[in-house]
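Student: Dropping in my_file_18.txt, which is compact mmCIF, N, CA and C atoms:
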```txt
# COMPACT_ATOMS: atom_id res chain seq x y z
N MET A 1 0.85 -1.19 0.00
CA MET A 1 0.00 0.00 0.00
C MET A 1 0.89 1.24 0.00
N THR A 2 0.62 2.17 -0.87
CA THR A 2 1.41 3.38 -0.99
C THR A 2 0.87 4.46 -0.07
N SER A 3 1.75 5.05 0.72
CA SER A 3 1.33 6.17 1.55
C SER A 3 1.30 7.42 0.68
N SER A 4 0.66 8.46 1.16
CA SER A 4 0.63 9.67 0.36
C SER A 4 0.68 10.90 1.25
N LEU A 5 1.20 11.94 0.67
CA LEU A 5 1.24 13.22 1.36
C LEU A 5 -0.18 13.78 1.43
N PRO A 6 -0.44 14.72 2.32
CA PRO A 6 -1.80 15.21 2.51
C PRO A 6 -2.25 16.20 1.44
N ILE A 7 -2.00 15.85 0.21
CA ILE A 7 -2.46 16.65 -0.92
C ILE A 7 -3.24 15.67 -1.77
N GLU A 8 -4.48 15.97 -2.06
CA GLU A 8 -5.35 15.01 -2.73
C GLU A 8 -4.67 14.41 -3.95
N GLY A 9 -4.57 13.11 -3.97
CA GLY A 9 -4.00 12.40 -5.11
C GLY A 9 -2.49 12.39 -5.17
N ALA A 10 -1.81 13.03 -4.22
CA ALA A 10 -0.36 13.12 -4.28
C ALA A 10 0.28 11.92 -3.61
N THR A 11 1.25 11.36 -4.27
CA THR A 11 2.07 10.31 -3.68
C THR A 11 3.45 10.39 -4.30
N LEU A 12 4.43 10.17 -3.49
CA LEU A 12 5.81 10.18 -3.99
C LEU A 12 6.26 8.79 -4.40
N ASP A 13 5.44 7.78 -4.14
CA ASP A 13 5.80 6.39 -4.41
C ASP A 13 7.14 6.03 -3.79
N ASN A 14 7.41 6.60 -2.63
CA ASN A 14 8.65 6.33 -1.90
C ASN A 14 8.33 6.44 -0.41
N ALA A 15 7.99 5.31 0.17
CA ALA A 15 7.53 5.30 1.57
C ALA A 15 8.60 5.82 2.53
N ALA A 16 9.86 5.47 2.28
CA ALA A 16 10.93 5.92 3.17
C ALA A 16 11.08 7.45 3.12
N LEU A 17 10.99 8.02 1.94
CA LEU A 17 11.08 9.47 1.79
C LEU A 17 9.92 10.15 2.50
N GLU A 18 8.72 9.62 2.29
CA GLU A 18 7.55 10.21 2.94
C GLU A 18 7.66 10.10 4.46
N ALA A 19 8.16 8.98 4.95
CA ALA A 19 8.32 8.81 6.40
C ALA A 19 9.33 9.81 6.96
N THR A 20 10.40 10.06 6.23
CA THR A 20 11.39 11.04 6.67
C THR A 20 10.79 12.44 6.73
N ILE A 21 10.02 12.78 5.73
CA ILE A 21 9.37 14.10 5.70
C ILE A 21 8.39 14.23 6.86
N ARG A 22 7.59 13.21 7.07
CA ARG A 22 6.62 13.24 8.18
C ARG A 22 7.33 13.34 9.53
N SER A 23 8.41 12.58 9.69
CA SER A 23 9.17 12.59 10.94
C SER A 23 9.78 13.97 11.20
N TYR A 24 10.38 14.55 10.17
CA TYR A 24 10.98 15.88 10.31
C TYR A 24 9.91 16.91 10.64
N ALA A 25 8.80 16.86 9.91
CA ALA A 25 7.71 17.83 10.14
C ALA A 25 7.17 17.69 11.57
N SER A 26 6.94 16.48 12.00
CA SER A 26 6.42 16.25 13.34
C SER A 26 7.40 16.72 14.41
N ALA A 27 8.68 16.39 14.24
CA ALA A 27 9.70 16.76 15.22
C ALA A 27 9.87 18.27 15.32
N ASN A 28 9.53 18.97 14.25
CA ASN A 28 9.68 20.42 14.22
C ASN A 28 8.35 21.16 14.27
N ASP A 29 7.29 20.43 14.68
CA ASP A 29 5.95 21.00 14.84
C ASP A 29 5.50 21.77 13.60
N MET A 30 5.68 21.12 12.44
CA MET A 30 5.30 21.71 11.16
C MET A 30 4.25 20.82 10.50
N ALA A 31 3.42 21.41 9.68
CA ALA A 31 2.56 20.62 8.81
C ALA A 31 3.44 20.02 7.72
N VAL A 32 3.07 18.85 7.24
CA VAL A 32 3.85 18.20 6.19
C VAL A 32 3.94 19.11 4.96
N ALA A 33 2.84 19.73 4.59
CA ALA A 33 2.84 20.62 3.42
C ALA A 33 3.81 21.78 3.62
N ASP A 34 3.89 22.32 4.83
CA ASP A 34 4.83 23.41 5.11
C ASP A 34 6.27 22.94 5.01
N CYS A 35 6.51 21.71 5.46
CA CYS A 35 7.85 21.13 5.37
C CYS A 35 8.26 20.98 3.91
N VAL A 36 7.38 20.42 3.10
CA VAL A 36 7.66 20.23 1.68
C VAL A 36 7.90 21.58 1.01
N ALA A 37 7.07 22.56 1.32
CA ALA A 37 7.23 23.90 0.74
C ALA A 37 8.57 24.51 1.13
N ALA A 38 9.00 24.32 2.37
CA ALA A 38 10.28 24.87 2.83
C ALA A 38 11.45 24.20 2.11
N VAL A 39 11.36 22.90 1.90
CA VAL A 39 12.42 22.19 1.19
C VAL A 39 12.51 22.68 -0.26
N VAL A 40 11.37 22.80 -0.91
CA VAL A 40 11.37 23.27 -2.31
C VAL A 40 11.90 24.70 -2.38
N ARG A 41 11.50 25.54 -1.45
CA ARG A 41 12.00 26.93 -1.44
C ARG A 41 13.51 26.96 -1.25
N SER A 42 14.00 26.13 -0.37
CA SER A 42 15.44 26.03 -0.14
C SER A 42 16.16 25.59 -1.40
N PHE A 43 15.59 24.62 -2.09
CA PHE A 43 16.18 24.18 -3.35
C PHE A 43 16.22 25.32 -4.35
N LEU A 44 15.11 26.02 -4.50
CA LEU A 44 15.05 27.13 -5.45
C LEU A 44 16.09 28.19 -5.14
N ASP A 45 16.32 28.43 -3.86
CA ASP A 45 17.26 29.46 -3.45
C ASP A 45 18.72 29.02 -3.54
N GLN A 46 19.00 27.72 -3.39
CA GLN A 46 20.37 27.29 -3.21
C GLN A 46 20.94 26.39 -4.30
N ALA A 47 20.13 25.81 -5.15
CA ALA A 47 20.63 24.85 -6.14
C ALA A 47 21.58 25.54 -7.13
N ASP A 48 22.69 24.85 -7.41
CA ASP A 48 23.63 25.39 -8.39
C ASP A 48 23.25 24.93 -9.80
N ASP A 49 23.98 25.40 -10.79
CA ASP A 49 23.66 25.09 -12.18
C ASP A 49 23.66 23.60 -12.47
N ASP A 50 24.63 22.87 -11.92
CA ASP A 50 24.69 21.43 -12.16
C ASP A 50 23.46 20.71 -11.59
N THR A 51 23.02 21.13 -10.42
CA THR A 51 21.85 20.51 -9.80
C THR A 51 20.61 20.80 -10.63
N TRP A 52 20.48 22.02 -11.13
CA TRP A 52 19.35 22.36 -12.00
C TRP A 52 19.38 21.54 -13.27
N LEU A 53 20.56 21.36 -13.85
CA LEU A 53 20.68 20.58 -15.07
C LEU A 53 20.27 19.13 -14.82
N GLN A 54 20.67 18.57 -13.69
CA GLN A 54 20.26 17.22 -13.34
C GLN A 54 18.74 17.14 -13.20
N LEU A 55 18.15 18.15 -12.58
CA LEU A 55 16.70 18.17 -12.39
C LEU A 55 15.98 18.21 -13.74
N VAL A 56 16.45 19.03 -14.64
CA VAL A 56 15.85 19.11 -15.97
C VAL A 56 15.94 17.76 -16.68
N GLY A 57 17.08 17.09 -16.55
CA GLY A 57 17.23 15.77 -17.15
C GLY A 57 16.26 14.76 -16.56
N ILE A 58 16.10 14.78 -15.25
CA ILE A 58 15.15 13.89 -14.57
C ILE A 58 13.74 14.14 -15.08
N MET A 59 13.39 15.41 -15.19
CA MET A 59 12.05 15.76 -15.66
C MET A 59 11.85 15.34 -17.11
N GLY A 60 12.89 15.49 -17.93
CA GLY A 60 12.79 15.14 -19.34
C GLY A 60 12.56 13.65 -19.58
N ARG A 61 13.04 12.82 -18.67
CA ARG A 61 12.89 11.37 -18.81
C ARG A 61 11.64 10.82 -18.12
N ALA A 62 10.95 11.66 -17.39
CA ALA A 62 9.85 11.19 -16.55
C ALA A 62 8.51 11.21 -17.27
N GLU A 63 7.67 10.25 -16.88
CA GLU A 63 6.30 10.23 -17.37
C GLU A 63 5.49 11.38 -16.76
N ASP A 64 5.79 11.70 -15.49
CA ASP A 64 5.14 12.81 -14.78
C ASP A 64 6.25 13.75 -14.30
N PRO A 65 6.62 14.75 -15.13
CA PRO A 65 7.76 15.61 -14.80
C PRO A 65 7.62 16.38 -13.50
N GLY A 66 6.43 16.82 -13.17
CA GLY A 66 6.23 17.57 -11.93
C GLY A 66 6.49 16.72 -10.70
N LEU A 67 5.94 15.51 -10.70
CA LEU A 67 6.15 14.59 -9.59
C LEU A 67 7.62 14.19 -9.52
N ALA A 68 8.22 13.94 -10.67
CA ALA A 68 9.64 13.57 -10.70
C ALA A 68 10.51 14.70 -10.14
N ALA A 69 10.16 15.94 -10.46
CA ALA A 69 10.92 17.08 -9.94
C ALA A 69 10.77 17.19 -8.43
N LEU A 70 9.56 17.06 -7.94
CA LEU A 70 9.33 17.14 -6.50
C LEU A 70 10.08 16.02 -5.77
N ARG A 71 9.99 14.81 -6.29
CA ARG A 71 10.67 13.67 -5.67
C ARG A 71 12.19 13.91 -5.66
N ALA A 72 12.74 14.39 -6.78
CA ALA A 72 14.18 14.63 -6.85
C ALA A 72 14.62 15.73 -5.89
N ILE A 73 13.85 16.78 -5.78
CA ILE A 73 14.18 17.87 -4.85
C ILE A 73 14.16 17.36 -3.42
N LEU A 74 13.14 16.61 -3.06
CA LEU A 74 13.06 16.08 -1.70
C LEU A 74 14.18 15.09 -1.42
N LEU A 75 14.49 14.24 -2.38
CA LEU A 75 15.60 13.30 -2.21
C LEU A 75 16.93 14.03 -2.07
N HIS A 76 17.06 15.15 -2.74
CA HIS A 76 18.28 15.96 -2.65
C HIS A 76 18.52 16.42 -1.21
N TYR A 77 17.45 16.69 -0.48
CA TYR A 77 17.56 17.21 0.88
C TYR A 77 17.27 16.19 1.97
N VAL A 78 16.96 14.95 1.61
CA VAL A 78 16.54 13.98 2.62
C VAL A 78 17.63 13.77 3.69
N GLY A 79 18.88 13.78 3.32
CA GLY A 79 19.96 13.63 4.31
C GLY A 79 19.94 14.77 5.32
N ASP A 80 19.71 15.98 4.84
CA ASP A 80 19.63 17.14 5.73
C ASP A 80 18.44 17.01 6.68
N LEU A 81 17.33 16.52 6.17
CA LEU A 81 16.13 16.38 7.00
C LEU A 81 16.38 15.35 8.10
N LYS A 82 17.00 14.23 7.73
CA LYS A 82 17.29 13.18 8.72
C LYS A 82 18.25 13.71 9.79
N ALA A 83 19.26 14.46 9.36
CA ALA A 83 20.27 14.96 10.29
C ALA A 83 19.71 15.99 11.26
N THR A 84 18.72 16.75 10.82
CA THR A 84 18.22 17.83 11.67
C THR A 84 16.93 17.48 12.40
N ALA A 85 16.35 16.31 12.11
CA ALA A 85 15.15 15.88 12.83
C ALA A 85 15.53 15.58 14.28
N VAL A 86 14.70 16.04 15.19
CA VAL A 86 14.93 15.77 16.61
C VAL A 86 13.90 14.76 17.07
N ALA A 87 14.32 13.90 17.96
CA ALA A 87 13.40 12.86 18.43
C ALA A 87 12.42 13.40 19.44
```
Translate the structure described by the file into structure tokens.

Tutor:
Amino acid sequence: MTSSLPIEGATLDNAALEATIRSYASANDMAVADCVAAVVRSFLDQADDDTWLQLVGIMGRAEDPGLAALRAILLHYVGDLKATAVA
């Protein structure tokens, strides 16, 4: 069974990634949607040219480019989320 983020019809098809996002959001008293928005904003502000080029390539090969972009952005920051989540 695939878990999904609290956006109607949204799923990342990656249970471990979703669990990390939920854990980080919960540990930091944030809504999951706010957590995702903050990660995307951080990516937009900080990604270098090579990272953007990789993202464009991922989107170009994907059946659903928007979902692929969101998944790639979140995966890019998942290590940071795990490191900064407090129990």

Student: What is the atom C of Leu67 in chain A-atom N of Met30 in chain A distance in Å, reported with one decimal?

Tutor: 23.1 Å

Student: Between CA of Asp48 in chain A and atom C of Glu63 in chain A, what is the spacing in Å?

Tutor: 24.4 Å

Student: So that I can see what lies close to range 31-47 of chain A, please list as JSON, numbers by chain the residues with an atom at most 8 Å from it, counting all atoms listed in the file and leaving out residues fewer than 2 positions away in the same chain.

Tutor: {"A": [5, 6, 7, 21, 22, 24, 25, 26, 28, 29, 49, 50, 51, 52, 53, 70, 73, 74, 77]}

Student: Tell me, which residues of range 25-65 of chain A carry DSSP alpha helix (DSSP H), written as number ranges by chain?

Tutor: A: 25-27, 32-46, 49-61, 65

Student: When you draw a straight line from atom C of Arg61 in chain A to CA of Gly79 in chain A, how long is it in Å?

Tutor: 24.1 Å

Student: When distances are computed from only C-alpha atoms, which of A:Ala27, A:Val78, A:Leu12, A:Thr20 shows the smallest separation from Gly66 in chain A?

Tutor: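 Of A:Ala27, A:Val78, A:Leu12, A:Thr20, the one nearest Gly66 in chain A, counting only C-alpha atoms, is A:Leu12.
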
Student: Generate N, CA, C and O atoms for range 62-86 of chain A and emit them as a compact mmCIF listing (two decimals), keeping the file's coordinate frame.

Tutor:
```
# COMPACT_ATOMS: atom_id res chain seq x y z
N ALA A 62 10.95 11.66 -17.39
CA ALA A 62 9.85 11.19 -16.55
C ALA A 62 8.51 11.21 -17.27
O ALA A 62 8.25 12.07 -18.10
N GLU A 63 7.67 10.25 -16.88
CA GLU A 63 6.30 10.23 -17.37
C GLU A 63 5.49 11.38 -16.76
O GLU A 63 4.63 11.96 -17.41
N ASP A 64 5.79 11.70 -15.49
CA ASP A 64 5.14 12.81 -14.78
C ASP A 64 6.25 13.75 -14.30
O ASP A 64 6.79 13.59 -13.21
N PRO A 65 6.62 14.75 -15.13
CA PRO A 65 7.76 15.61 -14.80
C PRO A 65 7.62 16.38 -13.50
O PRO A 65 8.60 16.56 -12.77
N GLY A 66 6.43 16.82 -13.17
CA GLY A 66 6.23 17.57 -11.93
C GLY A 66 6.49 16.72 -10.70
O GLY A 66 7.18 17.13 -9.77
N LEU A 67 5.94 15.51 -10.70
CA LEU A 67 6.15 14.59 -9.59
C LEU A 67 7.62 14.19 -9.52
O LEU A 67 8.20 14.13 -8.44
N ALA A 68 8.22 13.94 -10.67
CA ALA A 68 9.64 13.57 -10.70
C ALA A 68 10.51 14.70 -10.14
O ALA A 68 11.46 14.45 -9.40
N ALA A 69 10.16 15.94 -10.46
CA ALA A 69 10.92 17.08 -9.94
C ALA A 69 10.77 17.19 -8.43
O ALA A 69 11.76 17.36 -7.71
N LEU A 70 9.56 17.06 -7.94
CA LEU A 70 9.33 17.14 -6.50
C LEU A 70 10.08 16.02 -5.77
O LEU A 70 10.75 16.27 -4.77
N ARG A 71 9.99 14.81 -6.29
CA ARG A 71 10.67 13.67 -5.67
C ARG A 71 12.19 13.91 -5.66
O ARG A 71 12.85 13.70 -4.65
N ALA A 72 12.74 14.39 -6.78
CA ALA A 72 14.18 14.63 -6.85
C ALA A 72 14.62 15.73 -5.89
O ALA A 72 15.66 15.61 -5.23
N ILE A 73 13.85 16.78 -5.78
CA ILE A 73 14.18 17.87 -4.85
C ILE A 73 14.16 17.36 -3.42
O ILE A 73 15.09 17.63 -2.64
N LEU A 74 13.14 16.61 -3.06
CA LEU A 74 13.06 16.08 -1.70
C LEU A 74 14.18 15.09 -1.42
O LEU A 74 14.78 15.12 -0.34
N LEU A 75 14.49 14.24 -2.38
CA LEU A 75 15.60 13.30 -2.21
C LEU A 75 16.93 14.03 -2.07
O LEU A 75 17.81 13.59 -1.34
N HIS A 76 17.06 15.15 -2.74
CA HIS A 76 18.28 15.96 -2.65
C HIS A 76 18.52 16.42 -1.21
O HIS A 76 19.66 16.51 -0.76
N TYR A 77 17.45 16.69 -0.48
CA TYR A 77 17.56 17.21 0.88
C TYR A 77 17.27 16.19 1.97
O TYR A 77 17.34 16.53 3.15
N VAL A 78 16.96 14.95 1.61
CA VAL A 78 16.54 13.98 2.62
C VAL A 78 17.63 13.77 3.69
O VAL A 78 17.31 13.62 4.87
N GLY A 79 18.88 13.78 3.32
CA GLY A 79 19.96 13.63 4.31
C GLY A 79 19.94 14.77 5.32
O GLY A 79 20.12 14.55 6.52
N ASP A 80 19.71 15.98 4.84
CA ASP A 80 19.63 17.14 5.73
C ASP A 80 18.44 17.01 6.68
O ASP A 80 18.53 17.36 7.85
N LEU A 81 17.33 16.52 6.17
CA LEU A 81 16.13 16.38 7.00
C LEU A 81 16.38 15.35 8.10
O LEU A 81 16.01 15.55 9.24
N LYS A 82 17.00 14.23 7.73
CA LYS A 82 17.29 13.18 8.72
C LYS A 82 18.25 13.71 9.79
O LYS A 82 18.09 13.44 10.97
N ALA A 83 19.26 14.46 9.36
CA ALA A 83 20.27 14.96 10.29
C ALA A 83 19.71 15.99 11.26
O ALA A 83 20.18 16.10 12.39
N THR A 84 18.72 16.75 10.82
CA THR A 84 18.22 17.83 11.67
C THR A 84 16.93 17.48 12.40
O THR A 84 16.44 18.28 13.19
N ALA A 85 16.35 16.31 12.11
CA ALA A 85 15.15 15.88 12.83
C ALA A 85 15.53 15.58 14.28
O ALA A 85 16.54 14.98 14.55
N VAL A 86 14.70 16.04 15.19
CA VAL A 86 14.93 15.77 16.61
C VAL A 86 13.90 14.76 17.07
O VAL A 86 12.78 14.75 16.62
```
